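Asks: One structure is given below, represented as structure tokens, and several questions about it will come after.
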Amino acid sequence: MFIDSLKLKFIAGNGGNGAVAFRREKYLPKGGPTGGDGGMGASIILIVNPHIMSFEKFSRKKIIKAENGKIGGSNTRNGKKGQNLFVEVPLGTIVKDEKDNVLFEFTKKDEQFLLCKGGKNGKGNFSFRSSTNQAPNIATPGKKGEEKFLNLELKLIADVGLIGFPNAGKSTLMKQITKSKVKIAPYPFTTLYPNLGIVEYEDYSRILIADIPGIIKGAHLNKGLGISFLKHIERTSILIFVIDINNEDPISDFQTLLDELKSYNADLLKRPFLTVLNKTDLQNLENLKKFKKFYPFKKESLIEISALEKANLDIFLKKVKPFCKTKY
Ligand SMILES: Nc1nc2c(ncn2[C@@H]2O[C@H](COP(=O)(O)OP(=O)(O)OP(=O)(O)O)[C@@H](O)[C@H]2O)c(=O)[nH]1
Ligand SMILES: [Mg+2]
């Protein structure tokens, strides 16, 4: 299950109460104070796990709570502090408060964010001893841990985003150039949620590619799988339009993709892009000729490939590389 938005409550641990206790020894009826301090409440820290790609593991949760600090003991023993809770989130997670204000965005894989501070511990009566009060009868309670209602949103981080009609061959392209195990099938809407794959070049540089579900006319009106998945290519540096040149009307497919993208976020159209004409092995020369004649953008941004037969994929990868700056 792919979950890319979620509401969750986080509660840090409460601080443990301080204790009131006195030393009791057989011949010492009024011993000194021995009540220990409580333990600090545990904090909640969000950290990136680059290997997870959705909030699926939280899907049954409403609340995530960290450990309370334990109450102080006698014999001046302090209560155990709560173990800080590290909650792993996918790279690309946006942490928002209830009013949708962004608190933090995870854009690098070694980032952490202290989300809820654990409650301060209470002091035991041992801590209150002084020259004027040698038998203090007081202790302080621990403070409550911080609580936050959050909206977690995921926008995947990738260099390259593949956009195309269902069945255009996006996942096939992805599979041929990365080691990802995406599903490929001869029917529309095979890909139901975004996939990420890593391309490794000969010089060991790597780029991250996002394959998202197919887009059709009216996707912005929620037709097909809708356009909500487009948010996962919003952070890419280059977009790839994958066109099935063997489709009935590839020109209209291309225009539809541009229109749908515009309806979602017109700024996406200002981003660098390449147009990949796929399935050239099927030799639909008429469509190919028409498309090339129509294509209103720079010729260099048009590439003819066959994902299936791995034709021209080297040219494709070479063209994509200069746009990718992120290090993985
Ligand atoms: N002949 C030919 N068939 C291809 C080529 N690329 C992909 N296909 C076939 O096209 C069909 C769809 O491929 P997918 O990669 O699943 O297409 P997709 O764009 O990911 O489709 P959705 O996930 O439904 O959006 C499969 O049967 C592929 O084998 C190609 O270059 N040539
Ligand atoms: Mg697919």
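Residues are named by chain letter and number: chains run A, B, ... in the order of the structure tokens, numbers start at 1 in each chain, and ligands are numbered from 1 in the order shown.
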Report as JSON, numbers by chain which protein, DNA and RNA residues come within 6 Å of ligand 2, using only C-alpha atoms and all ligand atoms.
Replies: {"A": [170, 171, 184, 190, 191]}
Asks: Produce a table with one row for each residue of chain A that has an atom at most 9 Å from any atom of ligand 1, each row naming the nearest atom pair and its distance in Å at one decimal; use only C-alpha atoms and all ligand atoms; arrange rows by chain and rising residue number; format as a Markdown table.
Replies:
| residue | atom | partner | partner_atom_place_in_ligand_line | distance |
| --- | --- | --- | --- | --- |
| A:Leu162 | CA | ligand 1 | 19 (O) | 8.8 |
| A:Ile163 | CA | ligand 1 | 19 (O) | 8.2 |
| A:Gly164 | CA | ligand 1 | 19 (O) | 6.3 |
| A:Phe165 | CA | ligand 1 | 25 (O) | 6.0 |
| A:Pro166 | CA | ligand 1 | 25 (O) | 3.3 |
| A:Asn167 | CA | ligand 1 | 21 (O) | 3.4 |
| A:Ala168 | CA | ligand 1 | 19 (O) | 3.9 |
| A:Gly169 | CA | ligand 1 | 15 (O) | 3.4 |
| A:Lys170 | CA | ligand 1 | 19 (O) | 3.8 |
| A:Ser171 | CA | ligand 1 | 20 (O) | 3.7 |
| A:Thr172 | CA | ligand 1 | 15 (O) | 3.6 |
| A:Leu173 | CA | ligand 1 | 15 (O) | 6.5 |
| A:Met174 | CA | ligand 1 | 15 (O) | 7.8 |
| A:Lys175 | CA | ligand 1 | 15 (O) | 8.1 |
| A:Val182 | CA | ligand 1 | 20 (O) | 8.4 |
| A:Lys183 | CA | ligand 1 | 16 (O) | 6.5 |
| A:Ile184 | CA | ligand 1 | 16 (O) | 3.5 |
| A:Ala185 | CA | ligand 1 | 16 (O) | 4.4 |
| A:Pro186 | CA | ligand 1 | 27 (O) | 3.3 |
| A:Tyr187 | CA | ligand 1 | 24 (O) | 6.1 |
| A:Pro188 | CA | ligand 1 | 24 (O) | 3.8 |
| A:Phe189 | CA | ligand 1 | 24 (O) | 3.3 |
| A:Thr190 | CA | ligand 1 | 24 (O) | 3.8 |
| A:Thr191 | CA | ligand 1 | 23 (O) | 3.5 |
| A:Leu192 | CA | ligand 1 | 23 (O) | 6.9 |
| A:Tyr193 | CA | ligand 1 | 23 (O) | 8.8 |
| A:Asp211 | CA | ligand 1 | 20 (O) | 7.5 |
| A:Ile212 | CA | ligand 1 | 25 (O) | 7.3 |
| A:Pro213 | CA | ligand 1 | 25 (O) | 4.8 |
| A:Gly214 | CA | ligand 1 | 25 (O) | 3.6 |
| A:Ile215 | CA | ligand 1 | 25 (O) | 7.3 |
| A:Val242 | CA | ligand 1 | 19 (O) | 7.6 |
| A:Ile243 | CA | ligand 1 | 19 (O) | 8.7 |
| A:Asp244 | CA | ligand 1 | 6 (N) | 8.0 |
| A:Asn246 | CA | ligand 1 | 1 (N) | 8.5 |
| A:Leu277 | CA | ligand 1 | 31 (O) | 8.9 |
| A:Asn278 | CA | ligand 1 | 31 (O) | 5.2 |
| A:Lys279 | CA | ligand 1 | 31 (O) | 3.4 |
| A:Thr280 | CA | ligand 1 | 31 (O) | 6.3 |
| A:Asp281 | CA | ligand 1 | 32 (N) | 5.7 |
| A:Leu282 | CA | ligand 1 | 1 (N) | 5.6 |
| A:Ile305 | CA | ligand 1 | 31 (O) | 6.7 |
| A:Ser306 | CA | ligand 1 | 31 (O) | 3.5 |
| A:Ala307 | CA | ligand 1 | 31 (O) | 3.8 |
| A:Leu308 | CA | ligand 1 | 31 (O) | 3.9 |
| A:Glu309 | CA | ligand 1 | 31 (O) | 6.1 |
| A:Lys310 | CA | ligand 1 | 31 (O) | 7.5 |
| A:Ala311 | CA | ligand 1 | 31 (O) | 8.1 |
Asks: Kindly save the residues from that selection, with N, CA and C atoms included, as a compact mmCIF listing (two decimals), in the first residue's frame.
Replies:
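Now in again.txt:
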# COMPACT_ATOMS: atom_id res chain seq x y z
N LEU A 162 9.27 10.40 -14.97
CA LEU A 162 8.72 9.87 -16.22
C LEU A 162 7.21 10.14 -16.24
N ILE A 163 6.75 10.76 -17.32
CA ILE A 163 5.34 11.09 -17.44
C ILE A 163 4.84 10.56 -18.77
N GLY A 164 3.71 9.89 -18.75
CA GLY A 164 3.19 9.42 -20.03
C GLY A 164 1.83 8.79 -19.87
N PHE A 165 1.22 8.47 -21.00
CA PHE A 165 -0.05 7.76 -20.97
C PHE A 165 0.17 6.36 -20.40
N PRO A 166 -0.89 5.75 -19.89
CA PRO A 166 -0.76 4.36 -19.48
C PRO A 166 -0.28 3.53 -20.67
N ASN A 167 0.55 2.54 -20.40
CA ASN A 167 0.99 1.61 -21.45
C ASN A 167 2.05 2.18 -22.39
N ALA A 168 2.52 3.42 -22.12
CA ALA A 168 3.48 4.03 -23.05
C ALA A 168 4.85 3.38 -22.96
N GLY A 169 5.10 2.69 -21.85
CA GLY A 169 6.39 2.01 -21.69
C GLY A 169 7.30 2.68 -20.67
N LYS A 170 6.70 3.46 -19.75
CA LYS A 170 7.50 4.15 -18.73
C LYS A 170 8.24 3.14 -17.84
N SER A 171 7.49 2.16 -17.38
CA SER A 171 8.10 1.18 -16.46
C SER A 171 9.12 0.31 -17.19
N THR A 172 8.86 0.04 -18.46
CA THR A 172 9.83 -0.74 -19.24
C THR A 172 11.14 0.03 -19.35
N LEU A 173 11.03 1.33 -19.65
CA LEU A 173 12.21 2.18 -19.73
C LEU A 173 12.95 2.16 -18.39
N MET A 174 12.18 2.34 -17.33
CA MET A 174 12.76 2.36 -15.98
C MET A 174 13.49 1.04 -15.68
N LYS A 175 12.87 -0.05 -16.04
CA LYS A 175 13.45 -1.35 -15.74
C LYS A 175 14.75 -1.59 -16.53
N VAL A 182 10.13 -3.13 -11.29
CA VAL A 182 8.79 -2.60 -11.54
C VAL A 182 7.98 -3.59 -12.36
N LYS A 183 6.66 -3.49 -12.19
CA LYS A 183 5.79 -4.39 -12.95
C LYS A 183 5.53 -3.80 -14.35
N ILE A 184 5.56 -4.68 -15.32
CA ILE A 184 5.29 -4.27 -16.71
C ILE A 184 4.21 -5.18 -17.25
N ALA A 185 3.22 -4.61 -17.94
CA ALA A 185 2.19 -5.48 -18.52
C ALA A 185 1.54 -4.78 -19.69
N PRO A 186 0.96 -5.56 -20.62
CA PRO A 186 0.40 -4.96 -21.82
C PRO A 186 -1.01 -4.40 -21.62
N TYR A 187 -1.24 -3.77 -20.49
CA TYR A 187 -2.54 -3.12 -20.30
C TYR A 187 -2.33 -1.82 -19.51
N PRO A 188 -3.30 -0.89 -19.61
CA PRO A 188 -3.12 0.40 -18.94
C PRO A 188 -3.20 0.27 -17.41
N PHE A 189 -2.63 1.23 -16.75
CA PHE A 189 -2.65 1.33 -15.28
C PHE A 189 -2.04 0.11 -14.61
N THR A 190 -0.92 -0.32 -15.15
CA THR A 190 -0.17 -1.39 -14.47
C THR A 190 0.51 -0.81 -13.24
N THR A 191 1.09 0.35 -13.41
CA THR A 191 1.74 1.02 -12.28
C THR A 191 0.68 1.79 -11.50
N LEU A 192 0.52 1.42 -10.23
CA LEU A 192 -0.54 2.04 -9.43
C LEU A 192 -0.02 3.07 -8.45
N TYR A 193 1.27 3.07 -8.25
CA TYR A 193 1.86 4.07 -7.36
C TYR A 193 3.30 4.31 -7.82
N ASP A 211 9.11 6.76 -11.60
CA ASP A 211 8.11 6.29 -12.58
C ASP A 211 6.76 6.45 -11.88
N ILE A 212 5.87 7.23 -12.47
CA ILE A 212 4.58 7.43 -11.80
C ILE A 212 3.45 6.84 -12.65
N PRO A 213 2.29 6.62 -12.05
CA PRO A 213 1.18 6.04 -12.82
C PRO A 213 0.83 6.89 -14.04
N GLY A 214 0.25 6.23 -15.03
CA GLY A 214 -0.10 6.89 -16.28
C GLY A 214 -1.13 8.00 -16.11
N ILE A 215 -1.06 8.96 -17.04
CA ILE A 215 -1.96 10.13 -17.01
C ILE A 215 -2.83 10.05 -18.25
N VAL A 242 7.05 10.36 -22.00
CA VAL A 242 7.21 9.09 -22.72
C VAL A 242 5.96 8.90 -23.59
N ILE A 243 6.19 8.89 -24.90
CA ILE A 243 5.09 8.79 -25.86
C ILE A 243 5.16 7.44 -26.58
N ASP A 244 4.03 6.77 -26.63
CA ASP A 244 3.96 5.53 -27.43
C ASP A 244 3.69 5.95 -28.88
N ASN A 246 3.41 4.33 -31.38
CA ASN A 246 2.53 3.41 -32.09
C ASN A 246 1.06 3.61 -31.69
N LEU A 277 10.19 9.24 -27.77
CA LEU A 277 9.23 8.52 -28.61
C LEU A 277 9.56 7.04 -28.50
N ASN A 278 8.69 6.32 -27.83
CA ASN A 278 9.00 4.92 -27.52
C ASN A 278 8.33 3.97 -28.52
N LYS A 279 8.79 2.75 -28.51
CA LYS A 279 8.26 1.65 -29.33
C LYS A 279 8.58 1.85 -30.82
N THR A 280 9.75 2.44 -31.09
CA THR A 280 10.12 2.64 -32.50
C THR A 280 10.41 1.30 -33.20
N ASP A 281 10.60 0.24 -32.42
CA ASP A 281 10.81 -1.08 -33.04
C ASP A 281 9.58 -1.52 -33.82
N LEU A 282 8.43 -0.93 -33.52
CA LEU A 282 7.21 -1.32 -34.25
C LEU A 282 7.09 -0.62 -35.60
N ILE A 305 13.35 6.03 -29.14
CA ILE A 305 13.92 4.85 -28.47
C ILE A 305 13.02 3.63 -28.64
N SER A 306 13.58 2.49 -28.35
CA SER A 306 12.75 1.32 -28.08
C SER A 306 13.19 0.81 -26.73
N ALA A 307 12.34 1.04 -25.73
CA ALA A 307 12.68 0.58 -24.37
C ALA A 307 12.82 -0.93 -24.39
N LEU A 308 11.92 -1.58 -25.11
CA LEU A 308 11.91 -3.04 -25.15
C LEU A 308 13.22 -3.59 -25.70
N GLU A 309 13.68 -3.01 -26.78
CA GLU A 309 14.90 -3.51 -27.42
C GLU A 309 16.15 -2.75 -27.01
N LYS A 310 16.00 -1.92 -26.04
CA LYS A 310 17.12 -1.11 -25.50
C LYS A 310 17.79 -0.26 -26.58
N ALA A 311 17.02 0.21 -27.54
CA ALA A 311 17.61 1.03 -28.60
C ALA A 311 17.66 2.49 -28.16
Asks: From the list A:Ala42, A:Ile94, A:Leu274, A:Leu85, which residue is nearest Lys70 (chain A) when using only C-alpha atoms?
Replies: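 Comparing A:Ala42, A:Ile94, A:Leu274, A:Leu85 against Lys70 (chain A), the winner is A:Ala42.
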Asks: Rounded to one decimal in Å, what is the spacing between CA of Asp97 (chain A) and CA of Gly82 (chain A)?
Replies: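 Between these atoms lies a distance of 24.7 Å.
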Asks: So, with only C-alpha atoms as the atoms that count, which of A:Gly36, A:Ile245, A:Asp4, A:Ala19 lies closest to Leu230 (chain A)?
Replies: A:Asp4
Asks: Leaving out Lys80 (chain A) and any residue of its chain fewer than 5 positions from it, which residues lie within 10 Å of it when counting only C-alpha atoms, given as a PyMOL selection string?
Replies: chain A and resi 15-16+37-41+68-73
Asks: Have a look at CA of Thr140 (chain A) and CA of Ala66 (chain A) and let me know their distance in Å, one decimal.
Replies: 21.4 Å
Asks: Which parts of region 127-161 of chain A does DSSP call strand (DSSP E or B) when run on the backbone here, written out as a list in words?
Replies: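 Answer for region 127-161 of chain A, restricted to strand (DSSP E or B): Glu147, Lys148, Phe149, Leu150, Asn151, Leu152, Glu153, Leu154, Val160 and Gly161 of chain A.
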Asks: Write out as a PyMOL selection string the set of residues from region 107-301 of chain A that DSSP, computed on the backbone, places in alpha helix (DSSP H).
Replies: chain A and resi 170-177+250-264+285-294
Asks: Give the answer as one residue: which of A:Thr275, A:Ser205, A:Asn137, A:Thr178 has the shortest atom-to-atom distance to Glu300 (chain A), using only C-alpha atoms?
Replies: A:Thr275
